[in-house]
$ cat model.csv   # CSV, C-alpha atoms
chain,number,residue,atom,x,y,z
C,1,ASP,CA,32.9,-5.6,19.6
C,2,THR,CA,31.7,-3.1,17.1
C,3,GLY,CA,28.5,-3.6,15.3
C,4,VAL,CA,27.6,-3.1,11.6
C,5,SER,CA,28.4,0.4,10.6
C,6,GLN,CA,27.0,2.3,7.6
C,7,ASP,CA,28.1,5.6,6.0
C,8,PRO,CA,26.7,8.1,5.3
C,9,ARG,CA,23.7,8.0,7.6
C,10,HIS,CA,21.8,10.5,5.6
C,11,LYS,CA,22.1,11.6,2.0
C,12,ILE,CA,20.1,14.1,0.0
C,13,THR,CA,20.7,14.1,-3.7
C,14,LYS,CA,19.2,15.5,-6.8
C,15,ARG,CA,17.5,13.2,-9.3
C,16,GLY,CA,19.9,11.8,-11.8
C,17,GLN,CA,22.9,11.9,-9.5
C,18,ASN,CA,24.9,8.9,-8.4
C,19,VAL,CA,25.2,7.9,-4.8
C,20,THR,CA,27.3,5.3,-3.0
C,21,PHE,CA,26.7,3.8,0.5
C,22,ARG,CA,29.3,1.9,2.4
C,23,CYS,CA,28.8,-0.9,4.9
C,24,ASP,CA,31.4,-2.3,7.3
C,25,PRO,CA,30.1,-5.6,8.8
C,26,ILE,CA,30.9,-7.1,12.1
C,27,SER,CA,34.5,-8.3,12.0
C,28,GLU,CA,34.9,-11.9,10.6
C,29,HIS,CA,31.3,-12.1,9.5
C,30,ASN,CA,31.5,-13.6,6.0
C,31,ARG,CA,27.9,-13.0,5.0
C,32,LEU,CA,26.7,-9.5,4.2
C,33,TYR,CA,23.2,-8.4,3.2
C,34,TRP,CA,21.6,-5.3,1.8
C,35,TYR,CA,18.0,-4.4,2.3
C,36,ARG,CA,15.8,-1.5,1.4
C,37,GLN,CA,13.1,-0.1,3.6
C,38,THR,CA,10.5,2.5,2.6
C,39,LEU,CA,8.2,4.3,5.0
C,40,GLY,CA,5.7,2.1,6.8
C,41,GLN,CA,7.1,-1.1,5.3
C,42,GLY,CA,9.3,-3.9,6.5
C,43,PRO,CA,12.8,-4.2,5.0
C,44,GLU,CA,13.0,-5.9,1.6
C,45,PHE,CA,16.0,-8.0,0.6
C,46,LEU,CA,18.2,-6.6,-2.2
C,47,THR,CA,21.3,-8.8,-2.4
C,48,TYR,CA,23.8,-10.8,-0.4
C,49,PHE,CA,27.5,-11.7,-0.4
C,50,GLN,CA,29.4,-14.7,1.0
C,51,ASN,CA,32.9,-13.3,1.3
C,52,GLU,CA,33.5,-11.5,-2.0
C,53,ALA,CA,31.0,-13.5,-4.0
C,54,GLN,CA,27.6,-12.0,-4.7
C,55,LEU,CA,25.3,-15.0,-4.4
C,56,GLU,CA,21.9,-13.6,-4.9
C,57,LYS,CA,20.2,-10.5,-6.2
C,58,SER,CA,16.6,-9.6,-5.8
C,59,ARG,CA,14.5,-8.5,-8.8
C,60,LEU,CA,14.2,-5.2,-6.9
C,61,LEU,CA,17.9,-4.5,-7.8
C,62,SER,CA,17.5,-2.8,-11.1
C,63,ASP,CA,20.4,-2.2,-13.5
C,64,ARG,CA,21.0,1.1,-11.9
C,65,PHE,CA,22.0,-0.6,-8.7
C,66,SER,CA,25.3,-2.3,-8.2
C,67,ALA,CA,26.9,-3.8,-5.1
C,68,GLU,CA,30.4,-4.9,-4.5
C,69,ARG,CA,32.4,-6.5,-1.7
C,70,PRO,CA,35.9,-6.5,-3.3
C,71,LYS,CA,37.9,-8.0,-0.4
C,72,GLY,CA,35.2,-9.8,1.4
C,73,SER,CA,35.2,-7.2,4.2
C,74,PHE,CA,33.3,-3.9,3.6
C,75,SER,CA,30.7,-3.5,0.9
C,76,THR,CA,29.4,-0.6,-1.3
C,77,LEU,CA,26.0,-0.1,-2.8
C,78,GLU,CA,25.9,2.3,-5.7
C,79,ILE,CA,22.8,3.8,-7.2
C,80,GLN,CA,23.3,5.4,-10.6
C,81,ARG,CA,20.9,8.0,-12.1
C,82,THR,CA,18.9,8.2,-8.9
C,83,GLU,CA,15.1,8.5,-9.2
C,84,GLN,CA,12.6,9.8,-6.6
C,85,GLY,CA,11.4,6.2,-6.1
C,86,ASP,CA,14.9,5.3,-4.8
C,87,SER,CA,14.2,7.4,-1.7
C,88,ALA,CA,14.3,4.9,1.2
C,89,MET,CA,16.5,3.6,4.0
C,90,TYR,CA,19.2,1.2,2.9
C,91,LEU,CA,20.1,-1.3,5.6
C,92,CYS,CA,23.2,-3.5,5.7
C,93,ALA,CA,23.4,-6.6,7.8
C,94,SER,CA,26.0,-9.3,8.5
C,95,ARG,CA,26.1,-12.9,9.8
C,96,GLY,CA,28.9,-15.2,10.7
C,97,SER,CA,29.4,-18.6,9.0
C,98,SER,CA,28.4,-20.5,12.1
C,99,GLY,CA,25.7,-18.2,13.3
C,100,ASN,CA,22.1,-17.9,12.4
C,101,THR,CA,21.5,-14.4,13.7
C,102,ILE,CA,21.7,-11.5,11.3
C,103,TYR,CA,22.8,-8.2,12.8
C,104,PHE,CA,21.8,-4.9,11.2
C,105,GLY,CA,23.4,-1.5,11.0
C,106,GLU,CA,21.7,1.8,11.6
C,107,GLY,CA,20.9,2.3,7.9
C,108,SER,CA,21.6,5.0,5.4
C,109,TRP,CA,18.7,7.3,4.6
C,110,LEU,CA,18.5,8.4,1.0
C,111,THR,CA,16.3,11.3,-0.1
C,112,VAL,CA,16.1,12.0,-3.9
C,113,VAL,CA,14.8,15.5,-4.7
S,1,ALA,CA,5.1,-19.2,-0.6
S,2,GLN,CA,7.1,-17.8,2.2
S,3,LYS,CA,5.3,-15.0,4.0
S,4,VAL,CA,5.1,-13.2,7.3
S,5,THR,CA,2.0,-11.4,8.4
S,6,GLN,CA,1.7,-8.9,11.2
S,7,ALA,CA,-1.9,-7.9,11.1
S,8,GLN,CA,-1.6,-5.2,13.7
S,9,THR,CA,-0.3,-2.0,12.1
S,10,GLU,CA,-0.4,0.1,15.2
S,11,ILE,CA,-1.0,-0.5,18.9
S,12,SER,CA,-1.3,2.1,21.6
S,13,VAL,CA,-1.2,1.2,25.3
S,14,VAL,CA,-0.7,3.0,28.5
S,15,GLU,CA,2.5,2.4,30.5
S,16,LYS,CA,2.4,-0.8,32.7
S,17,GLU,CA,-0.2,-2.5,30.4
S,18,ASP,CA,0.7,-5.8,28.9
S,19,VAL,CA,0.7,-6.0,25.1
S,20,THR,CA,1.0,-8.8,22.6
S,21,LEU,CA,2.2,-8.4,19.1
S,22,ASP,CA,1.0,-11.1,16.6
S,23,CYS,CA,3.0,-12.8,13.9
S,24,VAL,CA,1.8,-15.5,11.5
S,25,TYR,CA,4.1,-17.1,9.0
S,26,GLU,CA,3.9,-19.3,6.0
S,27,THR,CA,6.7,-21.6,4.8
S,28,ARG,CA,7.1,-24.9,3.0
S,29,ASP,CA,10.4,-25.6,4.8
S,30,THR,CA,10.5,-28.1,7.6
S,31,THR,CA,13.5,-26.4,9.2
S,32,TYR,CA,13.3,-22.6,9.6
S,33,TYR,CA,14.1,-19.8,11.9
S,34,LEU,CA,12.0,-16.9,13.1
S,35,PHE,CA,13.1,-13.6,14.5
S,36,TRP,CA,11.8,-10.5,16.2
S,37,TYR,CA,13.5,-7.2,15.7
S,38,LYS,CA,12.9,-3.8,17.3
S,39,GLN,CA,13.3,-0.6,15.3
S,40,PRO,CA,13.4,2.6,17.3
S,41,PRO,CA,13.2,6.0,15.6
S,42,SER,CA,16.9,6.0,15.0
S,43,GLY,CA,16.4,3.3,12.4
S,44,GLU,CA,18.6,0.5,13.6
S,45,LEU,CA,17.1,-2.9,13.7
S,46,VAL,CA,17.8,-4.4,17.1
S,47,PHE,CA,17.8,-8.2,17.4
S,48,LEU,CA,15.5,-9.5,20.1
S,49,ILE,CA,15.2,-13.2,19.6
S,50,ARG,CA,15.8,-16.1,17.3
S,51,ARG,CA,13.7,-19.3,17.4
S,52,ASN,CA,14.3,-22.4,15.3
S,53,SER,CA,11.4,-24.7,14.2
S,54,PHE,CA,12.6,-27.6,16.4
S,55,ASP,CA,12.2,-25.7,19.6
S,56,GLU,CA,8.7,-24.9,20.6
S,57,GLN,CA,9.5,-24.0,24.1
S,58,ASN,CA,8.3,-20.5,25.0
S,59,GLU,CA,11.0,-18.1,26.1
S,60,ILE,CA,11.1,-15.3,28.6
S,61,SER,CA,13.6,-12.6,28.8
S,62,GLY,CA,12.8,-10.0,31.5
S,63,ARG,CA,9.6,-8.3,30.5
S,64,TYR,CA,9.7,-10.0,27.1
S,65,SER,CA,8.2,-13.3,26.3
S,66,TRP,CA,7.6,-15.3,23.1
S,67,ASN,CA,5.0,-17.9,22.3
S,68,PHE,CA,5.9,-20.1,19.3
S,69,GLN,CA,3.1,-22.5,18.1
S,70,LYS,CA,3.8,-24.5,15.0
S,71,SER,CA,0.2,-25.8,14.9
S,72,THR,CA,-1.0,-22.3,14.1
S,73,SER,CA,2.2,-21.0,12.5
S,74,SER,CA,2.4,-18.2,14.9
S,75,PHE,CA,5.2,-16.6,16.8
S,76,ASN,CA,3.7,-14.0,19.1
S,77,PHE,CA,5.6,-11.5,21.3
S,78,THR,CA,4.4,-10.2,24.6
S,79,ILE,CA,5.7,-7.3,26.6
S,80,THR,CA,4.7,-7.3,30.2
S,81,ALA,CA,4.3,-4.0,32.1
S,82,SER,CA,5.2,-1.9,29.1
S,83,GLN,CA,7.3,1.1,29.4
S,84,VAL,CA,7.6,4.3,27.3
S,85,VAL,CA,11.1,3.1,26.1
S,86,ASP,CA,9.3,0.1,24.4
S,87,SER,CA,7.8,2.5,21.9
S,88,ALA,CA,9.1,1.4,18.5
S,89,VAL,CA,8.2,-0.6,15.4
S,90,TYR,CA,8.6,-4.3,15.9
S,91,PHE,CA,9.2,-6.7,13.0
S,92,CYS,CA,8.8,-10.4,12.8
S,93,ALA,CA,10.9,-12.2,10.2
S,94,LEU,CA,11.4,-15.6,8.6
S,95,LYS,CA,14.8,-16.8,7.6
S,96,MET,CA,15.1,-18.3,4.1
S,97,GLU,CA,17.8,-20.2,2.3
S,98,GLY,CA,21.1,-18.3,2.2
S,99,GLY,CA,20.2,-16.4,5.3
S,100,LYS,CA,18.0,-13.7,3.8
S,101,LEU,CA,15.0,-12.6,5.9
S,102,ILE,CA,11.5,-12.0,4.9
S,103,PHE,CA,9.9,-9.4,7.1
S,104,GLY,CA,6.3,-8.7,8.1
S,105,GLN,CA,4.9,-5.2,7.7
S,106,GLY,CA,5.8,-4.3,11.2
S,107,THR,CA,3.7,-3.2,14.2
S,108,GLU,CA,4.2,0.3,15.6
S,109,LEU,CA,3.8,0.2,19.3
S,110,SER,CA,3.2,3.4,21.2
S,111,VAL,CA,3.4,3.3,25.0
S,112,LYS,CA,2.0,6.4,26.6
S,113,PRO,CA,3.0,7.6,30.1
$ encode --input "model.csv" --output "structure tokens"
Amino acid sequence: DTGVSQDPRHKITKRGQNVTFRCDPISEHNRLYWYRQTLGQGPEFLTYFQNEAQLEKSRLLSDRFSAERPKGSFSTLEIQRTEQGDSAMYLCASRGSSGNTIYFGEGSWLTVV
Amino acid sequence: AQKVTQAQTEISVVEKEDVTLDCVYETRDTTYYLFWYKQPPSGELVFLIRRNSFDEQNEISGRYSWNFQKSTSSFNFTITASQVVDSAVYFCALKMEGGKLIFGQGTELSVKP
């Protein structure tokens, strides 16, 4: 039983560049969540999917952020025209339809220089 | 408003001491779930426990125990006979509609040998 996996684990990019993170949820988990965590803070909700449908987006998700889950399995989170304030860890999590526990991946660290 | 407060930012103990991490929550919902997660330096959020609002029984799992009190809106976490491997940041979280979690600020626990 594999857990939630995220790729890449670390990304350093120059300001203004685009970056994309991928998340593979636990198999057969139909709900997938993205969170952002900055240093010294708890994770903050960004968006979530039920199957391929994006059901909720936080106001934290500016126009430069877009998330997709095209086939209801893996998901991508793209940040366009990165800014230094985007530096954070981006966490993905998943949950099954009948479960109430949300399982997290190891996160993708983004540093914008 | 839905909110989770972890008033203790950092706690330092010596190995074998008992330590309690506090969590206070606010919610208007009558049915809700509370969680504790552990975040070691690697970054992954490790699920520790889920408690629903209908079950006020305290729970013990090895050296870990949880005290849920609806009357004071608290869900405290105690580690008995702490070990160096318990050093991590611990997060308390409240599950909202759709499954997204609201996290507290986290408590950084340092267990010294």
$ interface_residues --input "model.csv" --of "chain C" --to "chain S" --cutoff "8 Å" --atoms "only C-alpha atoms" --output "list in words"
Tyr33, Gly40, Gln41, Gly42, Pro43, Glu44, Phe45, Tyr48, Asn100, Thr101, Ile102, Tyr103, Phe104, Gly105, Glu106 and Gly107 of chain C
$ atom_distance --input "model.csv" --atom1 "CA of Thr5 (chain S)" --atom2 "CA of Ser74 (chain S)"
9.4 Å
$ residues_around --input "model.csv" --residues "Tyr32 (chain S)" --least-positions-apart "4" --cutoff "10 Å" --atoms "only C-alpha atoms" --output "list in words"
Thr27, Arg28, Arg51, Asn52, Ser53, Phe54, Leu94, Lys95, Met96 and Glu97 of chain S
$ atom_distance --input "model.csv" --atom1 "CA of Pro113 (chain S)" --atom2 "CA of Trp36 (chain S)"
24.5 Å
$ atom_distance --input "model.csv" --atom1 "CA of Ile26 (chain C)" --atom2 "CA of Thr31 (chain S)"
26.1 Å
$ closest_residue --input "model.csv" --among "C:Gly96, C:Asp86, C:Ser66, C:Lys71" --to "Val112 (chain C)" --atoms "only C-alpha atoms"
C:Asp86
$ closest_residue --input "model.csv" --among "S:Val24, S:Val14, S:Val4, S:Ile60" --to "Gln83 (chain S)" --atoms "all atoms listed in the file"
S:Val14
$ residues_around --input "model.csv" --residues "Cys23 (chain C)" --least-positions-apart "4" --cutoff "8 Å" --atoms "all atoms listed in the file" --output "list in words"
Val4, Ser5, Gln6, Asp7, Phe74, Ser75, Thr76 and Cys92 of chain C
$ closest_residue --input "model.csv" --among "C:Val19, C:Leu61, C:Leu77, C:Leu110" --to "Met89 (chain C)" --atoms "all atoms listed in the file"
C:Leu110
$ closest_residue --input "model.csv" --among "S:Glu56, S:Glu10, S:Glu17, S:Asp22" --to "Ala81 (chain S)" --atoms "all atoms listed in the file"
S:Glu17
$ residues_near_point --input "model.csv" --point "(11.6, 5.2, -6.9)" --cutoff "12 Å" --atoms "all atoms listed in the file" --output "PyMOL selection string"
chain C and resi 15-16+36-38+60-62+64+79+81-88+110-113
$ residues_around --input "model.csv" --residues "Ala53 (chain C)" --least-positions-apart "4" --cutoff "12 Å" --atoms "all atoms listed in the file" --output "PyMOL selection string"
chain C and resi 30-33+47-49+57+67-73+75
$ write_last_selection --input "model.csv" --atoms "C-alpha atoms" --output "JSON list (two decimals), in the frame of the given file"
[["chain", "number", "residue", "atom", "x", "y", "z"],
["C", 30, "ASN", "CA", 31.50, -13.60, 6.00],
["C", 31, "ARG", "CA", 27.90, -13.00, 5.00],
["C", 32, "LEU", "CA", 26.70, -9.50, 4.20],
["C", 33, "TYR", "CA", 23.20, -8.40, 3.20],
["C", 47, "THR", "CA", 21.30, -8.80, -2.40],
["C", 48, "TYR", "CA", 23.80, -10.80, -0.40],
["C", 49, "PHE", "CA", 27.50, -11.70, -0.40],
["C", 57, "LYS", "CA", 20.20, -10.50, -6.20],
["C", 67, "ALA", "CA", 26.90, -3.80, -5.10],
["C", 68, "GLU", "CA", 30.40, -4.90, -4.50],
["C", 69, "ARG", "CA", 32.40, -6.50, -1.70],
["C", 70, "PRO", "CA", 35.90, -6.50, -3.30],
["C", 71, "LYS", "CA", 37.90, -8.00, -0.40],
["C", 72, "GLY", "CA", 35.20, -9.80, 1.40],
["C", 73, "SER", "CA", 35.20, -7.20, 4.20],
["C", 75, "SER", "CA", 30.70, -3.50, 0.90]]
$ closest_residue --input "model.csv" --among "C:Tyr90, C:Arg9, C:Ser98, C:Gln80" --to "Glu28 (chain C)" --atoms "all atoms listed in the file"
C:Ser98
$ build_atoms --input "model.csv" --residues "region 41-57 of chain S" --atoms "N, CA, C and O atoms" --output "compact mmCIF listing (two decimals), keeping the file's coordinate frame"
# COMPACT_ATOMS: atom_id res chain seq x y z
N PRO S 41 13.12 4.90 16.62
CA PRO S 41 13.20 6.00 15.60
C PRO S 41 14.52 6.20 14.97
O PRO S 41 14.59 6.70 13.85
N SER S 42 15.58 5.83 15.63
CA SER S 42 16.90 6.00 15.00
C SER S 42 17.11 5.15 13.79
O SER S 42 17.97 5.45 12.96
N GLY S 43 16.32 4.10 13.65
CA GLY S 43 16.40 3.30 12.40
C GLY S 43 17.04 1.96 12.52
O GLY S 43 16.78 1.08 11.71
N GLU S 44 17.93 1.78 13.47
CA GLU S 44 18.60 0.50 13.60
C GLU S 44 17.68 -0.62 13.93
O GLU S 44 16.82 -0.46 14.78
N LEU S 45 17.83 -1.75 13.31
CA LEU S 45 17.10 -2.90 13.70
C LEU S 45 17.80 -3.67 14.77
O LEU S 45 18.90 -4.17 14.57
N VAL S 46 17.18 -3.75 15.92
CA VAL S 46 17.80 -4.40 17.10
C VAL S 46 17.29 -5.80 17.22
O VAL S 46 16.08 -6.02 17.34
N PHE S 47 18.19 -6.76 17.22
CA PHE S 47 17.80 -8.20 17.40
C PHE S 47 17.27 -8.41 18.74
O PHE S 47 17.85 -8.03 19.75
N LEU S 48 16.12 -9.11 18.81
CA LEU S 48 15.50 -9.50 20.10
C LEU S 48 15.62 -10.96 20.37
O LEU S 48 16.02 -11.37 21.45
N ILE S 49 15.20 -11.77 19.39
CA ILE S 49 15.20 -13.20 19.60
C ILE S 49 15.21 -13.97 18.31
O ILE S 49 14.76 -13.47 17.29
N ARG S 50 15.78 -15.16 18.36
CA ARG S 50 15.80 -16.10 17.30
C ARG S 50 15.17 -17.41 17.80
O ARG S 50 15.50 -17.84 18.90
N ARG S 51 14.32 -18.04 17.01
CA ARG S 51 13.70 -19.30 17.40
C ARG S 51 13.78 -20.26 16.23
O ARG S 51 13.39 -19.90 15.12
N ASN S 52 14.25 -21.49 16.45
CA ASN S 52 14.30 -22.40 15.30
C ASN S 52 13.02 -23.33 15.43
O ASN S 52 12.42 -23.48 16.49
N SER S 53 12.68 -23.94 14.33
CA SER S 53 11.40 -24.70 14.20
C SER S 53 11.38 -25.93 15.07
O SER S 53 10.31 -26.50 15.26
N PHE S 54 12.53 -26.37 15.55
CA PHE S 54 12.60 -27.60 16.40
C PHE S 54 12.30 -27.29 17.84
O PHE S 54 12.11 -28.22 18.62
N ASP S 55 12.32 -26.04 18.18
CA ASP S 55 12.20 -25.70 19.60
C ASP S 55 10.94 -24.90 19.84
O ASP S 55 10.86 -23.72 19.53
N GLU S 56 9.94 -25.57 20.37
CA GLU S 56 8.70 -24.90 20.60
C GLU S 56 8.51 -24.41 22.01
O GLU S 56 7.42 -23.97 22.39
N GLN S 57 9.56 -24.47 22.77
CA GLN S 57 9.50 -24.00 24.10
C GLN S 57 9.29 -22.45 24.10
O GLN S 57 9.95 -21.75 23.34
